file my_file12.cif (mmCIF, C-alpha atoms)
data_model
#
loop_
_atom_site.group_PDB
_atom_site.id
_atom_site.type_symbol
_atom_site.label_atom_id
_atom_site.label_comp_id
_atom_site.auth_asym_id
_atom_site.auth_seq_id
_atom_site.Cartn_x
_atom_site.Cartn_y
_atom_site.Cartn_z
ATOM 1 C CA MET A 67 94.131 183.489 -59.693
ATOM 2 C CA VAL A 68 90.347 183.657 -59.609
ATOM 3 C CA HIS A 69 88.687 186.144 -61.877
ATOM 4 C CA TRP A 70 85.759 188.073 -60.397
ATOM 5 C CA SER A 71 83.508 190.096 -62.648
ATOM 6 C CA ALA A 72 82.446 193.547 -61.462
ATOM 7 C CA GLU A 73 78.915 192.218 -61.043
ATOM 8 C CA GLU A 74 80.065 189.291 -58.905
ATOM 9 C CA LYS A 75 82.106 191.600 -56.672
ATOM 10 C CA GLN A 76 79.134 193.916 -56.260
ATOM 11 C CA LEU A 77 76.754 191.051 -55.413
ATOM 12 C CA ILE A 78 79.149 189.626 -52.855
ATOM 13 C CA THR A 79 79.956 192.892 -51.100
ATOM 14 C CA SER A 80 76.371 194.144 -51.076
ATOM 15 C CA VAL A 81 75.094 190.940 -49.430
ATOM 16 C CA TRP A 82 78.022 190.870 -47.009
ATOM 17 C CA ALA A 83 77.302 194.465 -45.919
ATOM 18 C CA LYS A 84 73.885 193.339 -44.687
ATOM 19 C CA VAL A 85 74.874 190.035 -43.074
ATOM 20 C CA SER A 86 74.611 189.765 -39.335
ATOM 21 C CA VAL A 87 77.743 187.777 -38.558
ATOM 22 C CA GLU A 88 76.447 186.854 -35.138
ATOM 23 C CA GLU A 89 73.144 185.436 -36.373
ATOM 24 C CA CYS A 90 74.139 183.899 -39.686
ATOM 25 C CA GLY A 91 77.415 182.491 -38.429
ATOM 26 C CA ALA A 92 75.873 180.765 -35.459
ATOM 27 C CA GLU A 93 72.951 179.524 -37.500
ATOM 28 C CA ALA A 94 75.099 178.152 -40.310
ATOM 29 C CA LEU A 95 77.365 176.322 -37.939
ATOM 30 C CA ALA A 96 74.480 174.934 -35.923
ATOM 31 C CA ARG A 97 72.688 173.665 -38.991
ATOM 32 C CA TRP A 98 75.888 172.257 -40.333
ATOM 33 C CA VAL A 99 77.224 170.638 -37.392
ATOM 34 C CA LEU A 100 74.273 169.265 -38.458
ATOM 35 C CA LEU A 101 74.639 169.142 -35.791
ATOM 36 C CA ILE A 102 71.380 168.758 -37.267
ATOM 37 C CA VAL A 103 71.652 168.498 -41.047
ATOM 38 C CA TYR A 104 75.005 166.654 -41.243
ATOM 39 C CA PRO A 105 75.329 165.232 -37.716
ATOM 40 C CA TRP A 106 78.531 163.328 -38.397
ATOM 41 C CA THR A 107 80.341 166.679 -38.458
ATOM 42 C CA GLN A 108 79.887 166.722 -34.694
ATOM 43 C CA ARG A 109 83.059 164.637 -34.580
ATOM 44 C CA PHE A 110 85.011 167.881 -34.844
ATOM 45 C CA PHE A 111 83.275 169.456 -31.886
ATOM 46 C CA THR A 112 83.456 166.907 -29.095
ATOM 47 C CA LYS A 113 84.674 169.684 -26.776
ATOM 48 C CA PHE A 114 81.507 171.678 -27.321
ATOM 49 C CA GLY A 115 79.533 169.632 -24.844
ATOM 50 C CA ASP A 116 76.308 167.752 -25.276
ATOM 51 C CA MET A 117 74.894 168.169 -28.771
ATOM 52 C CA SER A 118 72.542 165.221 -28.773
ATOM 53 C CA ASN A 119 69.528 167.302 -29.701
ATOM 54 C CA SER A 120 68.947 170.443 -31.701
ATOM 55 C CA GLY A 121 68.028 172.460 -28.612
ATOM 56 C CA ASN A 122 71.474 171.827 -27.144
ATOM 57 C CA VAL A 123 73.107 172.799 -30.399
ATOM 58 C CA ILE A 124 71.306 175.988 -31.307
ATOM 59 C CA GLY A 125 71.710 177.663 -27.956
ATOM 60 C CA ASN A 126 75.218 176.324 -27.375
ATOM 61 C CA GLY A 127 77.584 179.209 -26.542
ATOM 62 C CA ASN A 128 80.528 177.401 -28.137
ATOM 63 C CA VAL A 129 78.590 176.982 -31.378
ATOM 64 C CA VAL A 130 77.596 180.662 -31.390
ATOM 65 C CA ASN A 131 81.170 181.774 -30.819
ATOM 66 C CA HIS A 132 82.641 179.437 -33.328
ATOM 67 C CA GLY A 133 79.983 180.278 -35.890
ATOM 68 C CA ARG A 134 80.859 183.927 -35.513
ATOM 69 C CA ARG A 135 84.539 183.125 -36.020
ATOM 70 C CA VAL A 136 83.882 181.069 -39.129
ATOM 71 C CA LEU A 137 81.623 183.657 -40.713
ATOM 72 C CA THR A 138 84.036 186.479 -39.886
ATOM 73 C CA SER A 139 86.626 184.556 -41.905
ATOM 74 C CA PHE A 140 84.169 184.376 -44.779
ATOM 75 C CA GLY A 141 83.791 188.111 -44.464
ATOM 76 C CA ASP A 142 87.555 188.507 -44.755
ATOM 77 C CA ALA A 143 87.309 186.589 -48.020
ATOM 78 C CA ALA A 144 84.323 188.643 -49.219
ATOM 79 C CA THR A 145 86.192 191.886 -48.654
ATOM 80 C CA ASN A 146 89.493 190.604 -50.019
ATOM 81 C CA LEU A 147 88.419 188.749 -53.132
ATOM 82 C CA ASP A 148 91.686 189.044 -55.018
ATOM 83 C CA ASN A 149 93.797 187.541 -52.280
ATOM 84 C CA ILE A 150 91.851 184.643 -50.831
ATOM 85 C CA LYS A 151 94.325 181.797 -51.320
ATOM 86 C CA LYS A 152 97.119 183.721 -49.648
ATOM 87 C CA SER A 153 95.043 185.091 -46.791
ATOM 88 C CA PHE A 154 93.678 181.610 -45.964
ATOM 89 C CA ALA A 155 97.057 179.825 -46.097
ATOM 90 C CA SER A 156 97.594 179.678 -42.352
ATOM 91 C CA LEU A 157 93.972 178.666 -41.684
ATOM 92 C CA SER A 158 94.462 175.913 -44.237
ATOM 93 C CA LYS A 159 97.513 174.590 -42.430
ATOM 94 C CA LEU A 160 95.610 174.735 -39.147
ATOM 95 C CA HIS A 161 92.674 172.732 -40.538
ATOM 96 C CA CYS A 162 95.056 170.133 -41.965
ATOM 97 C CA LYS A 163 97.664 169.683 -39.264
ATOM 98 C CA LYS A 164 95.847 170.468 -36.090
ATOM 99 C CA LEU A 165 92.113 170.163 -36.675
ATOM 100 C CA HIS A 166 92.290 167.241 -39.167
ATOM 101 C CA VAL A 167 89.163 168.322 -40.999
ATOM 102 C CA ASP A 168 88.308 166.497 -44.220
ATOM 103 C CA PRO A 169 88.082 169.262 -46.873
ATOM 104 C CA LYS A 170 84.743 167.840 -48.021
ATOM 105 C CA ASN A 171 83.315 169.540 -44.941
ATOM 106 C CA PHE A 172 84.165 172.989 -46.269
ATOM 107 C CA ARG A 173 81.783 172.354 -49.146
ATOM 108 C CA LEU A 174 79.092 171.040 -46.798
ATOM 109 C CA LEU A 175 79.342 174.191 -44.708
ATOM 110 C CA GLY A 176 79.267 176.277 -47.876
ATOM 111 C CA ASP A 177 76.009 174.608 -48.964
ATOM 112 C CA ILE A 178 74.470 175.308 -45.571
ATOM 113 C CA LEU A 179 75.630 178.915 -45.652
ATOM 114 C CA MET A 180 73.802 179.331 -48.990
ATOM 115 C CA VAL A 181 70.562 178.123 -47.404
ATOM 116 C CA VAL A 182 71.054 180.406 -44.371
ATOM 117 C CA LEU A 183 71.699 183.439 -46.590
ATOM 118 C CA ALA A 184 68.684 182.496 -48.729
ATOM 119 C CA SER A 185 66.426 182.336 -45.685
ATOM 120 C CA HIS A 186 67.684 185.701 -44.405
ATOM 121 C CA PHE A 187 67.521 187.580 -47.695
ATOM 122 C CA GLY A 188 64.521 185.929 -49.363
ATOM 123 C CA LYS A 189 63.936 187.037 -52.939
ATOM 124 C CA ASP A 190 66.846 189.500 -52.660
ATOM 125 C CA PHE A 191 69.048 186.398 -52.784
ATOM 126 C CA THR A 192 68.567 186.292 -56.532
ATOM 127 C CA PRO A 193 69.949 183.543 -58.786
ATOM 128 C CA ALA A 194 72.829 185.884 -59.713
ATOM 129 C CA CYS A 195 73.529 186.474 -56.023
ATOM 130 C CA GLN A 196 73.449 182.767 -55.317
ATOM 131 C CA ALA A 197 75.850 182.135 -58.203
ATOM 132 C CA ALA A 198 78.336 184.776 -56.981
ATOM 133 C CA TRP A 199 78.248 183.498 -53.403
ATOM 134 C CA GLN A 200 78.496 179.866 -54.512
ATOM 135 C CA LYS A 201 81.639 180.848 -56.363
ATOM 136 C CA LEU A 202 82.960 182.515 -53.205
ATOM 137 C CA VAL A 203 82.288 179.493 -50.993
ATOM 138 C CA CYS A 204 84.003 177.267 -53.575
ATOM 139 C CA VAL A 205 87.037 179.539 -53.685
ATOM 140 C CA VAL A 206 87.198 179.638 -49.874
ATOM 141 C CA ALA A 207 86.818 175.836 -49.672
ATOM 142 C CA HIS A 208 89.579 175.440 -52.238
ATOM 143 C CA ALA A 209 91.843 177.893 -50.367
ATOM 144 C CA LEU A 210 91.237 176.074 -47.083
ATOM 145 C CA ALA A 211 92.215 172.778 -48.704
ATOM 146 C CA HIS A 212 95.167 174.224 -50.587
ATOM 147 C CA GLU A 213 97.835 173.660 -47.933
ATOM 148 C CA TYR A 214 96.782 170.068 -47.221
ATOM 149 C CA HIS A 215 99.392 167.416 -47.751
ATOM 150 C CA MET B 163 69.806 156.551 -46.005
ATOM 151 C CA VAL B 164 66.467 155.941 -44.423
ATOM 152 C CA LEU B 165 63.699 158.475 -44.003
ATOM 153 C CA SER B 166 62.339 158.384 -40.476
ATOM 154 C CA ALA B 167 58.675 158.914 -39.701
ATOM 155 C CA ALA B 168 59.547 162.453 -38.600
ATOM 156 C CA ASP B 169 61.383 163.086 -41.899
ATOM 157 C CA LYS B 170 58.339 161.949 -43.871
ATOM 158 C CA THR B 171 56.042 164.195 -41.847
ATOM 159 C CA ASN B 172 58.369 167.163 -42.315
ATOM 160 C CA VAL B 173 58.604 166.648 -46.065
ATOM 161 C CA LYS B 174 54.832 166.240 -46.450
ATOM 162 C CA ASN B 175 54.287 169.449 -44.487
ATOM 163 C CA VAL B 176 56.690 171.366 -46.701
ATOM 164 C CA PHE B 177 54.934 170.259 -49.866
ATOM 165 C CA ALA B 178 51.497 170.876 -48.360
ATOM 166 C CA LYS B 179 52.644 174.426 -47.617
ATOM 167 C CA ILE B 180 54.120 174.882 -51.090
ATOM 168 C CA GLY B 181 50.848 173.602 -52.543
ATOM 169 C CA GLY B 182 49.953 174.949 -55.968
ATOM 170 C CA GLN B 183 53.188 176.927 -56.225
ATOM 171 C CA ALA B 184 55.255 173.772 -56.715
ATOM 172 C CA ASP B 185 55.623 174.516 -60.441
ATOM 173 C CA GLU B 186 57.145 177.914 -59.658
ATOM 174 C CA TYR B 187 59.490 176.357 -57.122
ATOM 175 C CA GLY B 188 60.610 173.865 -59.781
ATOM 176 C CA ALA B 189 61.274 176.583 -62.351
ATOM 177 C CA ASP B 190 63.053 178.770 -59.798
ATOM 178 C CA ALA B 191 65.265 175.843 -58.739
ATOM 179 C CA LEU B 192 66.225 175.151 -62.347
ATOM 180 C CA GLU B 193 66.982 178.815 -63.037
ATOM 181 C CA ARG B 194 69.215 178.934 -59.953
ATOM 182 C CA MET B 195 70.912 175.686 -60.902
ATOM 183 C CA PHE B 196 71.785 176.981 -64.369
ATOM 184 C CA ALA B 197 73.112 180.258 -62.902
ATOM 185 C CA THR B 198 75.033 178.730 -60.007
ATOM 186 C CA TYR B 199 76.309 175.556 -61.672
ATOM 187 C CA PRO B 200 76.698 176.470 -65.344
ATOM 188 C CA GLN B 201 77.954 172.975 -66.231
ATOM 189 C CA THR B 202 74.375 171.758 -65.768
ATOM 190 C CA LYS B 203 73.380 173.704 -68.863
ATOM 191 C CA THR B 204 75.207 171.104 -70.942
ATOM 192 C CA TYR B 205 72.173 168.850 -70.570
ATOM 193 C CA PHE B 206 69.924 171.451 -72.183
ATOM 194 C CA PRO B 207 71.557 172.600 -75.421
ATOM 195 C CA HIS B 208 68.129 172.448 -77.029
ATOM 196 C CA PHE B 209 66.560 174.847 -74.505
ATOM 197 C CA ASP B 210 66.282 178.589 -74.441
ATOM 198 C CA LEU B 211 67.775 179.262 -70.991
ATOM 199 C CA ALA B 212 67.137 183.010 -70.896
ATOM 200 C CA LYS B 213 65.332 184.402 -67.859
ATOM 201 C CA GLY B 214 61.625 183.631 -67.978
ATOM 202 C CA SER B 215 62.057 180.945 -70.616
ATOM 203 C CA ALA B 216 58.861 179.014 -71.260
ATOM 204 C CA GLN B 217 60.900 175.837 -71.717
ATOM 205 C CA VAL B 218 62.520 176.214 -68.297
ATOM 206 C CA LYS B 219 59.108 176.911 -66.749
ATOM 207 C CA GLY B 220 57.716 173.820 -68.476
ATOM 208 C CA HIS B 221 60.582 171.695 -67.280
ATOM 209 C CA GLY B 222 60.308 173.114 -63.777
ATOM 210 C CA LYS B 223 56.695 171.986 -63.775
ATOM 211 C CA LYS B 224 57.774 168.450 -64.728
ATOM 212 C CA VAL B 225 60.423 168.329 -62.014
ATOM 213 C CA ALA B 226 58.008 169.683 -59.410
ATOM 214 C CA GLY B 227 55.367 167.196 -60.482
ATOM 215 C CA ALA B 228 57.814 164.331 -60.003
ATOM 216 C CA LEU B 229 58.741 165.578 -56.536
ATOM 217 C CA VAL B 230 55.084 165.895 -55.557
ATOM 218 C CA GLU B 231 54.461 162.382 -56.827
ATOM 219 C CA ALA B 232 57.415 161.159 -54.787
ATOM 220 C CA VAL B 233 56.056 162.863 -51.663
ATOM 221 C CA ASN B 234 52.639 161.307 -52.237
ATOM 222 C CA HIS B 235 54.281 157.880 -52.330
ATOM 223 C CA ILE B 236 57.008 158.590 -49.842
ATOM 224 C CA ASP B 237 56.878 155.047 -48.477
ATOM 225 C CA ASP B 238 57.761 153.627 -51.872
ATOM 226 C CA LEU B 239 60.007 156.067 -53.719
ATOM 227 C CA ALA B 240 61.493 153.340 -55.901
ATOM 228 C CA GLY B 241 58.054 152.311 -57.089
ATOM 229 C CA ALA B 242 56.783 155.843 -57.601
ATOM 230 C CA LEU B 243 59.842 156.942 -59.564
ATOM 231 C CA SER B 244 60.511 153.682 -61.409
ATOM 232 C CA LYS B 245 59.679 154.994 -64.895
ATOM 233 C CA LEU B 246 61.685 158.171 -64.320
ATOM 234 C CA SER B 247 64.521 156.034 -63.052
ATOM 235 C CA ASP B 248 64.466 154.030 -66.308
ATOM 236 C CA LEU B 249 64.375 157.239 -68.327
ATOM 237 C CA HIS B 250 67.370 158.726 -66.557
ATOM 238 C CA ALA B 251 69.361 155.484 -66.842
ATOM 239 C CA GLN B 252 68.642 154.676 -70.451
ATOM 240 C CA LYS B 253 67.983 157.926 -72.186
ATOM 241 C CA LEU B 254 68.947 161.034 -70.228
ATOM 242 C CA ARG B 255 72.029 159.685 -68.440
ATOM 243 C CA VAL B 256 72.446 162.776 -66.313
ATOM 244 C CA ASP B 257 75.619 162.405 -64.246
ATOM 245 C CA PRO B 258 74.596 161.538 -60.675
ATOM 246 C CA VAL B 259 76.411 164.518 -59.178
ATOM 247 C CA ASN B 260 73.864 166.857 -60.738
ATOM 248 C CA PHE B 261 70.927 165.628 -58.668
ATOM 249 C CA LYS B 262 72.660 166.959 -55.580
ATOM 250 C CA LEU B 263 73.089 170.325 -57.287
ATOM 251 C CA LEU B 264 69.404 170.588 -58.199
ATOM 252 C CA GLY B 265 68.480 169.418 -54.699
ATOM 253 C CA GLN B 266 70.637 172.159 -53.167
ATOM 254 C CA CYS B 267 68.948 174.758 -55.371
ATOM 255 C CA PHE B 268 65.522 173.476 -54.388
ATOM 256 C CA LEU B 269 66.480 173.945 -50.729
ATOM 257 C CA VAL B 270 67.605 177.497 -51.508
ATOM 258 C CA VAL B 271 64.264 178.205 -53.194
ATOM 259 C CA VAL B 272 62.340 176.939 -50.171
ATOM 260 C CA ALA B 273 64.588 179.089 -47.973
ATOM 261 C CA THR B 274 64.031 182.252 -50.022
ATOM 262 C CA ARG B 275 60.259 181.810 -50.256
ATOM 263 C CA ASN B 276 59.455 180.190 -46.921
ATOM 264 C CA PRO B 277 62.270 180.771 -44.435
ATOM 265 C CA ALA B 278 60.108 180.090 -41.383
ATOM 266 C CA LEU B 279 59.245 176.677 -42.782
ATOM 267 C CA LEU B 280 62.867 175.602 -43.099
ATOM 268 C CA THR B 281 63.869 174.934 -39.508
ATOM 269 C CA PRO B 282 67.119 172.967 -39.106
ATOM 270 C CA GLU B 283 65.134 169.735 -38.595
ATOM 271 C CA VAL B 284 62.982 170.315 -41.678
ATOM 272 C CA HIS B 285 66.111 171.318 -43.620
ATOM 273 C CA ALA B 286 67.688 167.994 -42.689
ATOM 274 C CA SER B 287 64.552 166.014 -43.617
ATOM 275 C CA LEU B 288 64.131 167.765 -46.952
ATOM 276 C CA ASP B 289 67.825 167.311 -47.758
ATOM 277 C CA LYS B 290 67.521 163.588 -46.976
ATOM 278 C CA PHE B 291 64.402 163.277 -49.113
ATOM 279 C CA LEU B 292 66.007 165.014 -52.098
ATOM 280 C CA CYS B 293 69.093 162.787 -51.729
ATOM 281 C CA ALA B 294 66.846 159.734 -51.632
ATOM 282 C CA VAL B 295 65.086 160.871 -54.824
ATOM 283 C CA GLY B 296 68.461 161.331 -56.533
ATOM 284 C CA THR B 297 69.539 157.883 -55.395
ATOM 285 C CA VAL B 298 66.411 156.288 -56.853
ATOM 286 C CA LEU B 299 66.782 158.146 -60.147
ATOM 287 C CA THR B 300 70.344 156.884 -60.579
ATOM 288 C CA ALA B 301 69.772 153.411 -59.136
ATOM 289 C CA LYS B 302 69.588 151.677 -62.510
ATOM 290 C CA TYR B 303 72.594 153.398 -64.065
ATOM 291 C CA ARG B 304 74.751 150.283 -63.757
#
call {"tool": "encode", "arguments": {"input": "my_file12.cif", "output": "structure tokens"}}
result
Amino acid sequence: MVHWSAEEKQLITSVWAKVSVEECGAEALARWVLLIVYPWTQRFFTKFGDMSNSGNVIGNGNVVNHGRRVLTSFGDAATNLDNIKKSFASLSKLHCKKLHVDPKNFRLLGDILMVVLASHFGKDFTPACQAAWQKLVCVVAHALAHEYH
Amino acid sequence: MVLSAADKTNVKNVFAKIGGQADEYGADALERMFATYPQTKTYFPHFDLAKGSAQVKGHGKKVAGALVEAVNHIDDLAGALSKLSDLHAQKLRVDPVNFKLLGQCFLVVVATRNPALLTPEVHASLDKFLCAVGTVLTAKYR
């Protein structure tokens, strides 16, 4: 059971309240799929169409939709901090059995999400904020990997 | 991993834009690294790590200086960082995983201070460059 200090909870929920899921989700996924930064993650998105250049990735409707979905899940974690492992159990099984995603990718996406949040919030993304959110992305990554076998 | 010509251009542009503030970026990255990845503090038991610490600022300046030097010799990172590589292998022996953590924090600093600069392509180039620096610094470990 992860322990969250009152300060960590406050930093997470206050940032989350201001996040535009549409923008940040799509941006994080696009950057991740590295599509530009870690291009080998494109292997998971062969159905998304041509992603051979960044222009095709950033405007890609599938990427936007999926980014929104992914970040909405993060939001579920941010607003449900004491129950993350349980609430992500079925997503974990999905990523293992059906999507076959190497859990290392959850950390890669987490790193990208940090950079996206930093660019949106600037100096308001203080070191304490970064620390609280890094903890959240680690906990989410761990929860998503938990049901792997 | 190989830095393409475009990567090198992107990285040089970032550091040209950062200019004289590199020292601040270095200190900010360290402060974030200590806050976000507390295990990294184990390498600095002799430092005052409180906010605004002069030692952290001083060390940030050193780190930034090394990165600037690397950028100025981006075609020969191994040569430019050879002495630092020896130092890290023989004396400091910082576990290789930590270079990635500092690199990530440096990216976050660039993102907070210069979001427009950090397009996805520049993000990728800078990430590659920081990885390459980490690789050079740990190249002589064994």
call {"tool": "resolve_selection", "arguments": {"input": "my_file12.cif", "expression": "the PyMOL selection byres ((chain A) within 12 of (chain B))", "output": "PyMOL selection string"}}
result
chain A and resi 74+93-105+119-121+123-124+173-174+176-204
call {"tool": "resolve_selection", "arguments": {"input": "my_file12.cif", "expression": "the PyMOL selection byres ((chain B and resi 209-225) around 9)", "output": "list in words"}}
result
Ala184, Asp185, Glu186, Tyr187, Gly188, Ala189, Asp190, Ala191, Leu192, Glu193, Phe196, Lys203, Phe206, Pro207, His208, Ala226, Gly227, Ala228, Leu229 and Val230 of chain B
call {"tool": "resolve_selection", "arguments": {"input": "my_file12.cif", "expression": "the PyMOL selection byres ((chain B and resi 258) around 10)", "output": "PyMOL selection string"}}
result
chain B and resi 250+255-257+259-263+296-297+299-301+303
call {"tool": "atom_distance", "arguments": {"input": "my_file12.cif", "atom1": "atom CA of Lys159 of chain A", "atom2": "atom CA of His208 of chain A"}}
result
12.6 Å
call {"tool": "atom_distance", "arguments": {"input": "my_file12.cif", "atom1": "atom CA of Val129 of chain A", "atom2": "atom CA of Ala92 of chain A"}}
result
6.2 Å
call {"tool": "residues_around", "arguments": {"input": "my_file12.cif", "residues": "Gln76 of chain A", "least_positions_apart": "4", "cutoff": "12 Å", "atoms": "all atoms listed in the file", "output": "ChimeraX atom specification"}}
result
/A:70-72,80-83,144-145,147,194-195,198-199
call {"tool": "axis_aligned_box", "arguments": {"input": "my_file12.cif", "around": "segment 187-206 of chain A", "padding_each_side": "5 Å", "output": "JSON"}}
result
{"center_x": 75.6, "center_y": 183.4, "center_z": -53.7, "size_x": 33.3, "size_y": 22.2, "size_z": 22.0}
call {"tool": "atom_distance", "arguments": {"input": "my_file12.cif", "atom1": "atom CA of Glu89 of chain A", "atom2": "atom CA of Phe140 of chain A"}}
result
13.9 Å
call {"tool": "residues_near_point", "arguments": {"input": "my_file12.cif", "point": "(93.6, 174.2, -48.8)", "cutoff": "8 Å", "atoms": "all atoms listed in the file", "output": "PyMOL selection string"}}
result
chain A and resi 154-155+158-159+169+207-214
call {"tool": "closest_residue", "arguments": {"input": "my_file12.cif", "among": "A:Asp148, A:Gly91, A:Met117, A:Lys75", "to": "Asn131 of chain A", "atoms": "all atoms listed in the file"}}
result
A:Gly91
call {"tool": "residues_around", "arguments": {"input": "my_file12.cif", "residues": "Lys174 of chain B", "least_positions_apart": "2", "cutoff": "10 Å", "atoms": "all atoms listed in the file", "output": "VMD selection string"}}
result
chain B and resid 168 to 172 176 to 180 230 233 to 234 236 288
call {"tool": "residues_near_point", "arguments": {"input": "my_file12.cif", "point": "(84.4, 169.2, -38.4)", "cutoff": "8 Å", "atoms": "all atoms listed in the file", "output": "list in words"}}
result
Val99, Thr107, Gln108, Arg109, Phe110, Phe111, Leu165, Val167, Asp168 and Asn171 of chain A
call {"tool": "closest_residue", "arguments": {"input": "my_file12.cif", "among": "A:Met67, A:Val205, A:Ile78, A:Leu175", "to": "Gly141 of chain A", "atoms": "all atoms listed in the file"}}
result
A:Ile78
